[in-house]
file query-v9.pdb (PDB, C-alpha atoms)
ATOM      1  CA  MET A   1      -7.866 -20.038 -15.430
ATOM      2  CA  ALA A   2     -10.553 -17.361 -15.146
ATOM      3  CA  ILE A   3     -12.062 -15.117 -17.791
ATOM      4  CA  GLY A   4     -13.653 -11.747 -17.072
ATOM      5  CA  VAL A   5     -16.261 -10.247 -19.393
ATOM      6  CA  HIS A   6     -17.683  -6.771 -18.999
ATOM      7  CA  PHE A   7     -20.933  -5.821 -20.757
ATOM      8  CA  ASN A   8     -21.857  -2.162 -20.906
ATOM      9  CA  VAL A   9     -25.480  -2.211 -22.064
ATOM     10  CA  SER A  10     -26.935   0.994 -23.441
ATOM     11  CA  ALA A  11     -30.470   2.008 -22.547
ATOM     12  CA  TYR A  12     -31.278   1.901 -26.272
ATOM     13  CA  ALA A  13     -29.879  -1.585 -26.844
ATOM     14  CA  PRO A  14     -32.260  -4.398 -27.919
ATOM     15  CA  ILE A  15     -32.790  -5.809 -24.433
ATOM     16  CA  ALA A  16     -34.752  -8.852 -25.635
ATOM     17  CA  LEU A  17     -31.871  -9.944 -27.861
ATOM     18  CA  PHE A  18     -29.403  -9.414 -25.032
ATOM     19  CA  ASP A  19     -31.615 -11.497 -22.731
ATOM     20  CA  GLN A  20     -31.595 -14.365 -25.248
ATOM     21  CA  PHE A  21     -27.820 -14.094 -25.525
ATOM     22  CA  LEU A  22     -27.385 -14.150 -21.744
ATOM     23  CA  GLN A  23     -29.702 -17.122 -21.284
ATOM     24  CA  GLY A  24     -27.755 -19.116 -23.835
ATOM     25  CA  LEU A  25     -24.466 -18.162 -22.247
ATOM     26  CA  VAL A  26     -25.351 -18.607 -18.586
ATOM     27  CA  LEU A  27     -27.714 -21.574 -18.755
ATOM     28  CA  TRP A  28     -26.328 -23.609 -21.625
ATOM     29  CA  GLY A  29     -22.842 -22.228 -22.189
ATOM     30  CA  LEU A  30     -23.655 -21.355 -25.780
ATOM     31  CA  ILE A  31     -22.956 -18.246 -27.793
ATOM     32  CA  TYR A  32     -25.368 -18.166 -30.714
ATOM     33  CA  ASP A  33     -25.621 -15.629 -33.491
ATOM     34  CA  PRO A  34     -29.161 -15.835 -34.954
ATOM     35  CA  PHE A  35     -28.158 -13.794 -38.013
ATOM     36  CA  THR A  36     -25.326 -16.001 -39.228
ATOM     37  CA  GLY A  37     -26.210 -19.218 -37.455
ATOM     38  CA  ASP A  38     -22.786 -19.482 -35.889
ATOM     39  CA  MET A  39     -22.723 -21.284 -32.574
ATOM     40  CA  GLU A  40     -19.889 -21.701 -30.097
ATOM     41  CA  GLN A  41     -19.767 -23.556 -26.819
ATOM     42  CA  VAL A  42     -17.731 -21.974 -24.058
ATOM     43  CA  ASP A  43     -15.218 -24.144 -22.301
ATOM     44  CA  PRO A  44     -16.631 -25.230 -18.916
ATOM     45  CA  ALA A  45     -13.093 -25.622 -17.597
ATOM     46  CA  PHE A  46     -12.755 -21.844 -17.347
ATOM     47  CA  LYS A  47     -14.173 -19.849 -14.482
ATOM     48  CA  TRP A  48     -16.254 -16.992 -15.833
ATOM     49  CA  HIS A  49     -16.736 -13.610 -14.159
ATOM     50  CA  ILE A  50     -19.452 -11.671 -15.964
ATOM     51  CA  PHE A  51     -19.956  -8.031 -15.066
ATOM     52  CA  ILE A  52     -22.989  -6.335 -16.611
ATOM     53  CA  GLU A  53     -23.481  -2.598 -16.455
ATOM     54  CA  LEU A  54     -27.025  -1.438 -17.200
ATOM     55  CA  ASN A  55     -27.904   2.115 -18.085
ATOM     56  CA  CYS A  56     -31.016   4.248 -18.178
ATOM     57  CA  ALA A  57     -31.968   6.889 -20.702
ATOM     58  CA  PRO A  58     -30.997  10.429 -19.674
ATOM     59  CA  ALA A  59     -33.648  12.724 -18.301
ATOM     60  CA  GLU A  60     -33.274  14.947 -21.361
ATOM     61  CA  ASP A  61     -34.829  12.211 -23.500
ATOM     62  CA  THR A  62     -38.424  13.171 -22.798
ATOM     63  CA  GLN A  63     -39.871  10.450 -25.020
ATOM     64  CA  PHE A  64     -38.064   7.483 -23.474
ATOM     65  CA  ALA A  65     -36.846   8.510 -20.027
ATOM     66  CA  ASN A  66     -40.178   7.783 -18.329
ATOM     67  CA  GLN A  67     -40.080   4.192 -19.591
ATOM     68  CA  SER A  68     -36.374   3.549 -19.134
ATOM     69  CA  SER A  69     -35.740   2.648 -15.528
ATOM     70  CA  MET A  70     -33.495   0.138 -13.821
ATOM     71  CA  ASP A  71     -36.495  -1.896 -12.677
ATOM     72  CA  ASN A  72     -37.836  -2.153 -16.225
ATOM     73  CA  SER A  73     -34.409  -3.176 -17.522
ATOM     74  CA  LEU A  74     -34.144  -5.895 -14.881
ATOM     75  CA  LYS A  75     -37.664  -7.131 -15.671
ATOM     76  CA  SER A  76     -36.567  -7.498 -19.280
ATOM     77  CA  LEU A  77     -33.543  -9.529 -18.192
ATOM     78  CA  PRO A  78     -35.040 -12.220 -15.925
ATOM     79  CA  ILE A  79     -31.870 -14.313 -16.007
ATOM     80  CA  LEU A  80     -30.084 -11.536 -14.112
ATOM     81  CA  CYS A  81     -32.701 -11.496 -11.356
ATOM     82  CA  HIS A  82     -32.116 -15.194 -10.750
ATOM     83  CA  ALA A  83     -28.413 -15.633 -11.309
ATOM     84  CA  ALA A  84     -26.698 -12.319 -10.678
ATOM     85  CA  GLN A  85     -25.695 -10.404  -7.617
ATOM     86  CA  ARG A  86     -26.734  -6.798  -7.803
ATOM     87  CA  GLN A  87     -24.259  -4.016  -7.144
ATOM     88  CA  THR A  88     -25.401  -0.452  -6.824
ATOM     89  CA  GLU A  89     -23.442   2.401  -8.292
ATOM     90  CA  ASN A  90     -22.672   3.844  -4.870
ATOM     91  CA  GLU A  91     -20.562   0.906  -3.839
ATOM     92  CA  HIS A  92     -16.870   1.050  -4.520
ATOM     93  CA  LEU A  93     -15.968  -2.138  -6.236
ATOM     94  CA  PRO A  94     -12.857  -4.202  -5.488
ATOM     95  CA  LEU A  95      -9.521  -3.256  -6.958
ATOM     96  CA  GLU A  96      -6.982  -5.857  -7.964
ATOM     97  CA  LEU A  97      -3.505  -5.011  -6.705
ATOM     98  CA  ASN A  98      -1.301  -5.821  -9.672
ATOM     99  CA  ASP A  99       2.112  -4.571 -10.810
ATOM    100  CA  ASP A 100       0.609  -1.433 -12.326
ATOM    101  CA  VAL A 101      -0.872  -0.402  -8.999
ATOM    102  CA  ALA A 102       2.446  -1.184  -7.297
ATOM    103  CA  ILE A 103       4.493   1.118  -9.504
ATOM    104  CA  VAL A 104       1.945   3.911  -9.137
ATOM    105  CA  CYS A 105       2.209   3.551  -5.351
ATOM    106  CA  ASN A 106       6.007   3.564  -5.535
ATOM    107  CA  PHE A 107       5.991   6.758  -7.584
ATOM    108  CA  PHE A 108       3.549   8.330  -5.156
ATOM    109  CA  THR A 109       5.812   7.427  -2.225
ATOM    110  CA  ALA A 110       8.856   8.802  -4.071
ATOM    111  CA  TYR A 111       6.934  11.972  -4.872
ATOM    112  CA  GLN A 112       6.051  12.409  -1.225
ATOM    113  CA  GLY A 113       9.670  11.966  -0.203
ATOM    114  CA  THR A 114      11.309  14.306  -2.716
ATOM    115  CA  THR A 115       9.000  17.281  -3.006
ATOM    116  CA  ARG A 116       8.264  20.044  -0.607
ATOM    117  CA  TYR A 117       4.646  20.380  -1.414
ATOM    118  CA  PRO A 118       2.992  23.178   0.569
ATOM    119  CA  TYR A 119      -0.230  21.291   1.171
ATOM    120  CA  ASN A 120      -0.979  18.220   3.182
ATOM    121  CA  ILE A 121      -1.518  15.660   0.454
ATOM    122  CA  ASN A 122      -2.993  13.115   2.827
ATOM    123  CA  ILE A 123      -5.975  15.282   3.535
ATOM    124  CA  GLU A 124      -9.253  13.643   2.686
ATOM    125  CA  VAL A 125     -11.688  15.394   0.428
ATOM    126  CA  SER A 126     -15.190  15.894   1.739
ATOM    127  CA  HIS A 127     -16.923  13.562  -0.671
ATOM    128  CA  PHE A 128     -14.191  11.014  -0.133
ATOM    129  CA  SER A 129     -14.479  10.954   3.620
ATOM    130  CA  THR A 130     -16.643   7.877   3.582
ATOM    131  CA  PHE A 131     -14.531   6.196   0.965
ATOM    132  CA  LYS A 132     -13.766   2.592   1.742
ATOM    133  CA  LEU A 133     -11.544   0.636  -0.555
ATOM    134  CA  ASP A 134     -12.119  -3.058  -0.857
ATOM    135  CA  VAL A 135      -8.947  -4.742  -1.863
ATOM    136  CA  LEU A 136      -8.509  -8.034  -3.634
ATOM    137  CA  ARG A 137      -5.093  -9.547  -3.460
ATOM    138  CA  ALA A 138      -3.900 -10.685  -6.862
ATOM    139  CA  THR A 139      -3.519 -14.409  -6.926
TER
ATOM    140  CA  MET B   1      22.701  16.009  -9.938
ATOM    141  CA  MET B   2      19.055  16.820  -9.760
ATOM    142  CA  PRO B   3      17.627  14.944  -6.786
ATOM    143  CA  ALA B   4      14.278  14.449  -8.519
ATOM    144  CA  LEU B   5      15.993  12.775 -11.471
ATOM    145  CA  GLU B   6      17.781  10.346  -9.180
ATOM    146  CA  ALA B   7      14.618   9.619  -7.265
ATOM    147  CA  VAL B   8      12.618   8.926 -10.411
ATOM    148  CA  LYS B   9      15.146   6.631 -12.050
ATOM    149  CA  ASP B  10      15.435   4.541  -8.878
ATOM    150  CA  VAL B  11      11.724   3.940  -8.303
ATOM    151  CA  PRO B  12      11.430   0.170  -7.877
ATOM    152  CA  ASP B  13       8.988  -2.280  -9.423
ATOM    153  CA  THR B  14       8.523  -4.238  -6.222
ATOM    154  CA  ARG B  15       5.236  -4.244  -4.427
ATOM    155  CA  PRO B  16       5.396  -2.151  -1.243
ATOM    156  CA  ASP B  17       4.392  -3.810   1.996
ATOM    157  CA  ASP B  18       1.883  -1.093   2.840
ATOM    158  CA  ILE B  19       0.288  -1.021  -0.604
ATOM    159  CA  GLU B  20      -3.199  -1.364   0.857
ATOM    160  CA  ALA B  21      -2.613   1.822   2.826
ATOM    161  CA  VAL B  22      -0.989   3.718  -0.047
ATOM    162  CA  VAL B  23      -3.680   3.041  -2.661
ATOM    163  CA  PRO B  24      -6.370   5.100  -0.845
ATOM    164  CA  GLN B  25      -3.825   7.916  -0.461
ATOM    165  CA  VAL B  26      -3.152   7.859  -4.199
ATOM    166  CA  LEU B  27      -6.878   7.964  -4.948
ATOM    167  CA  SER B  28      -7.417  10.786  -2.456
ATOM    168  CA  TRP B  29      -4.511  12.695  -3.954
ATOM    169  CA  LEU B  30      -5.953  12.324  -7.452
ATOM    170  CA  ALA B  31      -9.478  13.201  -6.317
ATOM    171  CA  ALA B  32      -8.185  16.353  -4.636
ATOM    172  CA  ARG B  33      -6.925  17.436  -8.066
ATOM    173  CA  LYS B  34     -10.308  16.894  -9.707
ATOM    174  CA  GLN B  35      -9.123  13.756 -11.437
ATOM    175  CA  ARG B  36     -12.070  11.599 -12.373
ATOM    176  CA  ILE B  37     -11.426   8.103 -11.023
ATOM    177  CA  PRO B  38     -13.388   5.291 -12.652
ATOM    178  CA  LYS B  39     -15.577   3.208 -10.378
ATOM    179  CA  LEU B  40     -15.861  -0.024 -12.297
ATOM    180  CA  PRO B  41     -13.099  -2.590 -11.730
ATOM    181  CA  LEU B  42     -12.203  -2.921 -15.402
ATOM    182  CA  HIS B  43     -12.052   0.823 -15.964
ATOM    183  CA  ARG B  44     -10.120   1.356 -12.757
ATOM    184  CA  ARG B  45      -7.599  -1.298 -13.737
ATOM    185  CA  ASN B  46      -7.161   0.367 -17.138
ATOM    186  CA  PHE B  47      -6.782   3.710 -15.386
ATOM    187  CA  PHE B  48      -3.920   2.378 -13.252
ATOM    188  CA  ALA B  49      -2.402   0.675 -16.308
ATOM    189  CA  MET B  50      -2.391   4.030 -18.091
ATOM    190  CA  LEU B  51      -0.680   5.700 -15.116
ATOM    191  CA  ALA B  52       1.839   2.870 -14.838
ATOM    192  CA  ARG B  53       2.693   3.063 -18.551
ATOM    193  CA  ARG B  54       3.484   6.757 -18.221
ATOM    194  CA  PHE B  55       5.503   6.233 -15.058
ATOM    195  CA  ARG B  56       7.571   3.461 -16.657
ATOM    196  CA  TRP B  57       8.286   5.713 -19.619
ATOM    197  CA  LEU B  58       9.248   8.511 -17.232
ATOM    198  CA  ARG B  59      11.588   6.222 -15.294
ATOM    199  CA  ASP B  60      13.334   4.990 -18.451
ATOM    200  CA  ALA B  61      13.711   8.536 -19.724
ATOM    201  CA  SER B  62      15.098   9.666 -16.367
ATOM    202  CA  ALA B  63      17.633   6.846 -16.323
ATOM    203  CA  ARG B  64      18.870   7.816 -19.798
ATOM    204  CA  LEU B  65      19.017  11.492 -18.854
ATOM    205  CA  PHE B  66      20.957  10.565 -15.745
ATOM    206  CA  GLU B  67      23.500   8.616 -17.809
ATOM    207  CA  ILE B  68      23.891  11.572 -20.168
ATOM    208  CA  GLN B  69      24.339  13.923 -17.241
ATOM    209  CA  VAL B  70      26.997  11.708 -15.661
ATOM    210  CA  GLY B  71      28.816  11.534 -18.985
ATOM    211  CA  LEU B  72      28.757  15.295 -19.424
ATOM    212  CA  VAL B  73      30.154  15.797 -15.921
ATOM    213  CA  ALA B  74      32.881  13.235 -16.587
ATOM    214  CA  GLU B  75      33.861  15.033 -19.818
ATOM    215  CA  GLY B  76      33.952  18.374 -18.069
ATOM    216  CA  PHE B  77      31.031  19.935 -19.919
ATOM    217  CA  LEU B  78      29.052  20.245 -16.695
ATOM    218  CA  PRO B  79      30.367  21.242 -13.240
ATOM    219  CA  GLN B  80      30.663  18.713 -10.478
ATOM    220  CA  PRO B  81      27.380  18.196  -8.638
ATOM    221  CA  VAL B  82      26.717  20.094  -5.462
ATOM    222  CA  THR B  83      26.162  17.629  -2.678
ATOM    223  CA  SER B  84      25.529  19.931   0.247
ATOM    224  CA  ARG B  85      22.717  22.420   0.485
ATOM    225  CA  LYS B  86      24.886  24.662   2.663
ATOM    226  CA  VAL B  87      27.277  25.244  -0.232
ATOM    227  CA  ASN B  88      24.551  26.545  -2.504
ATOM    228  CA  LYS B  89      21.373  27.493  -0.753
ATOM    229  CA  TYR B  90      19.662  28.250  -4.081
ATOM    230  CA  TYR B  91      20.148  24.741  -5.351
TER
END
call {"tool": "encode", "arguments": {"input": "query-v9.pdb", "output": "structure tokens"}}
result
Amino acid sequence: MAIGVHFNVSAYAPIALFDQFLQGLVLWGLIYDPFTGDMEQVDPAFKWHIFIELNCAPAEDTQFANQSSMDNSLKSLPILCHAAQRQTENEHLPLELNDDVAIVCNFFTAYQGTTRYPYNINIEVSHFSTFKLDVLRAT
Amino acid sequence: MMPALEAVKDVPDTRPDDIEAVVPQVLSWLAARKQRIPKLPLHRRNFFAMLARRFRWLRDASARLFEIQVGLVAEGFLPQPVTSRKVNKYY
């Protein structure tokens, strides 16, 4: 069995605390709450997929935007530099083909077959011309 | 009967063989209509789950409407369906 966890880290989040949390989770398999003292050990039998999304402060924030960069965020999270694989935002990430995707495709096919739409719906949009979809087959 | 109603109520759940070719068409179709498509896998999966939930609701509603329509035709409240486009070109 596999477990997927998605972290969406704000630019204003306490990065040092998040780094401590990640080190405990990735290196030792521990989730520790320093405020309450609660500690849990994750089950090593599970396969973990951890997806971390880092953000920078917007350019409108004149006081913090010059300090908030992706490089600075990564320097504050050294465990990511060692253990993680970096994905840039321009890459289109894999899509799992599950039952939901199947029924959407079936409706799209039915829509194509029953309507007399005046436009060519298979036309590719300009910014989508280089679109490449990586597909993961659901296991 | 309305052909669209029949087509909607009969949309199957099975995975099409050419699903890997259809998915980019669906995304292109949505992008052409200014629909914002999430990039992250989790968000994109939730996006498709939202679409699928609406489509399943639409299919169930169409099946019930179709049953009602058949019943009304059988009771004589609605005329018999037109099966040929030549009979009624404004169908």
call {"tool": "interface_residues", "arguments": {"input": "query-v9.pdb", "of": "chain B", "to": "chain A", "cutoff": "9 Å", "atoms": "all atoms listed in the file", "output": "ChimeraX atom specification"}}
result
/B:3-4,7-8,11-16,19-20,22-26,28-29,31-32,39-42,44-45,48-53,55-56
call {"tool": "write_last_selection", "arguments": {"input": "query-v9.pdb", "atoms": "C-alpha atoms", "output": "PDB file, in the coordinates of the input"}}
result
ATOM      1  CA  PRO B   3      17.627  14.944  -6.786  1.00  0.00           C
ATOM      2  CA  ALA B   4      14.278  14.449  -8.519  1.00  0.00           C
ATOM      3  CA  ALA B   7      14.618   9.619  -7.265  1.00  0.00           C
ATOM      4  CA  VAL B   8      12.618   8.926 -10.411  1.00  0.00           C
ATOM      5  CA  VAL B  11      11.724   3.940  -8.303  1.00  0.00           C
ATOM      6  CA  PRO B  12      11.430   0.170  -7.877  1.00  0.00           C
ATOM      7  CA  ASP B  13       8.988  -2.280  -9.423  1.00  0.00           C
ATOM      8  CA  THR B  14       8.523  -4.238  -6.222  1.00  0.00           C
ATOM      9  CA  ARG B  15       5.236  -4.244  -4.427  1.00  0.00           C
ATOM     10  CA  PRO B  16       5.396  -2.151  -1.243  1.00  0.00           C
ATOM     11  CA  ILE B  19       0.288  -1.021  -0.604  1.00  0.00           C
ATOM     12  CA  GLU B  20      -3.199  -1.364   0.857  1.00  0.00           C
ATOM     13  CA  VAL B  22      -0.989   3.718  -0.047  1.00  0.00           C
ATOM     14  CA  VAL B  23      -3.680   3.041  -2.661  1.00  0.00           C
ATOM     15  CA  PRO B  24      -6.370   5.100  -0.845  1.00  0.00           C
ATOM     16  CA  GLN B  25      -3.825   7.916  -0.461  1.00  0.00           C
ATOM     17  CA  VAL B  26      -3.152   7.859  -4.199  1.00  0.00           C
ATOM     18  CA  SER B  28      -7.417  10.786  -2.456  1.00  0.00           C
ATOM     19  CA  TRP B  29      -4.511  12.695  -3.954  1.00  0.00           C
ATOM     20  CA  ALA B  31      -9.478  13.201  -6.317  1.00  0.00           C
ATOM     21  CA  ALA B  32      -8.185  16.353  -4.636  1.00  0.00           C
ATOM     22  CA  LYS B  39     -15.577   3.208 -10.378  1.00  0.00           C
ATOM     23  CA  LEU B  40     -15.861  -0.024 -12.297  1.00  0.00           C
ATOM     24  CA  PRO B  41     -13.099  -2.590 -11.730  1.00  0.00           C
ATOM     25  CA  LEU B  42     -12.203  -2.921 -15.402  1.00  0.00           C
ATOM     26  CA  ARG B  44     -10.120   1.356 -12.757  1.00  0.00           C
ATOM     27  CA  ARG B  45      -7.599  -1.298 -13.737  1.00  0.00           C
ATOM     28  CA  PHE B  48      -3.920   2.378 -13.252  1.00  0.00           C
ATOM     29  CA  ALA B  49      -2.402   0.675 -16.308  1.00  0.00           C
ATOM     30  CA  MET B  50      -2.391   4.030 -18.091  1.00  0.00           C
ATOM     31  CA  LEU B  51      -0.680   5.700 -15.116  1.00  0.00           C
ATOM     32  CA  ALA B  52       1.839   2.870 -14.838  1.00  0.00           C
ATOM     33  CA  ARG B  53       2.693   3.063 -18.551  1.00  0.00           C
ATOM     34  CA  PHE B  55       5.503   6.233 -15.058  1.00  0.00           C
ATOM     35  CA  ARG B  56       7.571   3.461 -16.657  1.00  0.00           C
TER      36      ARG B  56
END
call {"tool": "resolve_selection", "arguments": {"input": "query-v9.pdb", "expression": "the PyMOL selection byres ((chain A and resi 68-82) around 10)", "output": "VMD selection string"}}
result
chain A and resid 11 to 12 15 to 20 22 to 23 26 to 27 52 54 to 59 61 63 to 67 83 to 86
call {"tool": "write_last_selection", "arguments": {"input": "query-v9.pdb", "atoms": "C-alpha atoms", "output": "tab-separated table (two decimals), keeping the file's coordinate frame"}}
result
chain	number	residue	atom	x	y	z
A	11	ALA	CA	-30.47	2.01	-22.55
A	12	TYR	CA	-31.28	1.90	-26.27
A	15	ILE	CA	-32.79	-5.81	-24.43
A	16	ALA	CA	-34.75	-8.85	-25.64
A	17	LEU	CA	-31.87	-9.94	-27.86
A	18	PHE	CA	-29.40	-9.41	-25.03
A	19	ASP	CA	-31.62	-11.50	-22.73
A	20	GLN	CA	-31.60	-14.36	-25.25
A	22	LEU	CA	-27.38	-14.15	-21.74
A	23	GLN	CA	-29.70	-17.12	-21.28
A	26	VAL	CA	-25.35	-18.61	-18.59
A	27	LEU	CA	-27.71	-21.57	-18.76
A	52	ILE	CA	-22.99	-6.34	-16.61
A	54	LEU	CA	-27.02	-1.44	-17.20
A	55	ASN	CA	-27.90	2.12	-18.08
A	56	CYS	CA	-31.02	4.25	-18.18
A	57	ALA	CA	-31.97	6.89	-20.70
A	58	PRO	CA	-31.00	10.43	-19.67
A	59	ALA	CA	-33.65	12.72	-18.30
A	61	ASP	CA	-34.83	12.21	-23.50
A	63	GLN	CA	-39.87	10.45	-25.02
A	64	PHE	CA	-38.06	7.48	-23.47
A	65	ALA	CA	-36.85	8.51	-20.03
A	66	ASN	CA	-40.18	7.78	-18.33
A	67	GLN	CA	-40.08	4.19	-19.59
A	83	ALA	CA	-28.41	-15.63	-11.31
A	84	ALA	CA	-26.70	-12.32	-10.68
A	85	GLN	CA	-25.70	-10.40	-7.62
A	86	ARG	CA	-26.73	-6.80	-7.80
call {"tool": "atom_distance", "arguments": {"input": "query-v9.pdb", "atom1": "CA of Val73 in chain B", "atom2": "CA of Leu58 in chain B"}}
result
22.2 Å
call {"tool": "atom_distance", "arguments": {"input": "query-v9.pdb", "atom1": "CA of Leu25 in chain A", "atom2": "CA of His43 in chain B"}}
result
23.5 Å
call {"tool": "atom_distance", "arguments": {"input": "query-v9.pdb", "atom1": "CA of Ala21 in chain B", "atom2": "CA of Ala63 in chain B"}}
result
28.3 Å
call {"tool": "resolve_selection", "arguments": {"input": "query-v9.pdb", "expression": "the PyMOL selection byres ((chain A and resi 1) around 9)", "output": "mmCIF file with C-alpha atoms, in the coordinates of the input"}}
result
data_model
loop_
_atom_site.group_PDB
_atom_site.id
_atom_site.type_symbol
_atom_site.label_atom_id
_atom_site.label_comp_id
_atom_site.auth_asym_id
_atom_site.auth_seq_id
_atom_site.Cartn_x
_atom_site.Cartn_y
_atom_site.Cartn_z
ATOM 1 C CA ALA A 2 -10.553 -17.361 -15.146
ATOM 2 C CA ILE A 3 -12.062 -15.117 -17.791
ATOM 3 C CA ALA A 45 -13.093 -25.622 -17.597
ATOM 4 C CA PHE A 46 -12.755 -21.844 -17.347
ATOM 5 C CA LYS A 47 -14.173 -19.849 -14.482
ATOM 6 C CA TRP A 48 -16.254 -16.992 -15.833
#
call {"tool": "resolve_selection", "arguments": {"input": "query-v9.pdb", "expression": "the PyMOL selection byres ((chain A and resi 31) around 8)", "output": "VMD selection string"}}
result
chain A and resid 21 24 to 25 29 to 30 32 to 33 39 to 42
call {"tool": "decode", "arguments": {"input": "query-v9.pdb", "residues": "range 7-80 of chain B", "atoms": "C-alpha atoms", "output": "short mmCIF file (atom, residue, chain, number, x, y, z; two decimals), in the first residue's frame"}}
result
data_model
loop_
_atom_site.label_atom_id
_atom_site.label_comp_id
_atom_site.auth_asym_id
_atom_site.auth_seq_id
_atom_site.Cartn_x
_atom_site.Cartn_y
_atom_site.Cartn_z
CA ALA B 7 -26.61 9.35 -25.62
CA VAL B 8 -26.07 10.71 -22.12
CA LYS B 9 -27.89 7.96 -20.27
CA ASP B 10 -25.92 5.28 -22.14
CA VAL B 11 -22.43 6.65 -21.50
CA PRO B 12 -20.49 3.69 -20.11
CA ASP B 13 -18.20 3.47 -17.10
CA THR B 14 -15.66 1.30 -18.87
CA ARG B 15 -12.23 2.59 -19.65
CA PRO B 16 -11.83 3.32 -23.37
CA ASP B 17 -8.96 1.67 -25.18
CA ASP B 18 -7.66 4.97 -26.54
CA ILE B 19 -7.88 6.81 -23.23
CA GLU B 20 -4.30 8.03 -23.51
CA ALA B 21 -5.21 9.73 -26.78
CA VAL B 22 -8.52 11.13 -25.53
CA VAL B 23 -7.20 12.75 -22.34
CA PRO B 24 -5.07 15.36 -24.19
CA GLN B 25 -8.10 16.13 -26.39
CA VAL B 26 -10.22 16.72 -23.29
CA LEU B 27 -7.58 19.01 -21.82
CA SER B 28 -7.21 20.89 -25.11
CA TRP B 29 -10.97 21.25 -25.35
CA LEU B 30 -11.16 22.66 -21.83
CA ALA B 31 -8.17 24.96 -22.37
CA ALA B 32 -9.77 26.33 -25.54
CA ARG B 33 -12.70 27.43 -23.36
CA LYS B 34 -10.45 29.26 -20.91
CA GLN B 35 -10.88 26.58 -18.29
CA ARG B 36 -8.04 26.70 -15.82
CA ILE B 37 -6.57 23.20 -15.57
CA PRO B 38 -4.55 22.45 -12.45
CA LYS B 39 -0.96 21.37 -12.96
CA LEU B 40 -0.26 19.45 -9.79
CA PRO B 41 -1.21 15.76 -9.78
CA LEU B 42 -3.38 16.00 -6.67
CA HIS B 43 -5.25 19.05 -7.90
CA ARG B 44 -5.65 17.58 -11.36
CA ARG B 45 -7.04 14.36 -9.92
CA ASN B 46 -9.52 16.36 -7.83
CA PHE B 47 -10.42 18.36 -10.93
CA PHE B 48 -11.28 15.18 -12.85
CA ALA B 49 -13.14 13.82 -9.81
CA MET B 50 -15.26 16.96 -9.78
CA LEU B 51 -16.04 16.58 -13.49
CA ALA B 52 -16.82 12.88 -13.06
CA ARG B 53 -19.18 13.57 -10.14
CA ARG B 54 -21.17 16.00 -12.27
CA PHE B 55 -21.23 13.65 -15.23
CA ARG B 56 -22.47 10.75 -13.10
CA TRP B 57 -25.23 12.95 -11.72
CA LEU B 58 -26.11 14.03 -15.26
CA ARG B 59 -26.24 10.42 -16.46
CA ASP B 60 -28.51 9.34 -13.59
CA ALA B 61 -30.79 12.30 -14.17
CA SER B 62 -30.93 11.56 -17.90
CA ALA B 63 -31.82 7.93 -17.27
CA ARG B 64 -34.71 8.96 -15.00
CA LEU B 65 -35.90 11.56 -17.49
CA PHE B 66 -35.76 8.95 -20.21
CA GLU B 67 -37.92 6.57 -18.16
CA ILE B 68 -40.44 9.35 -17.54
CA GLN B 69 -40.49 10.20 -21.22
CA VAL B 70 -41.06 6.57 -22.22
CA GLY B 71 -43.89 6.34 -19.70
CA LEU B 72 -45.55 9.49 -20.99
CA VAL B 73 -45.38 8.20 -24.57
CA ALA B 74 -46.83 4.86 -23.49
CA GLU B 75 -49.74 6.63 -21.74
CA GLY B 76 -50.41 8.78 -24.76
CA PHE B 77 -49.47 12.10 -23.18
CA LEU B 78 -46.61 12.56 -25.64
CA PRO B 79 -46.59 11.72 -29.37
CA GLN B 80 -44.62 8.80 -30.69
#
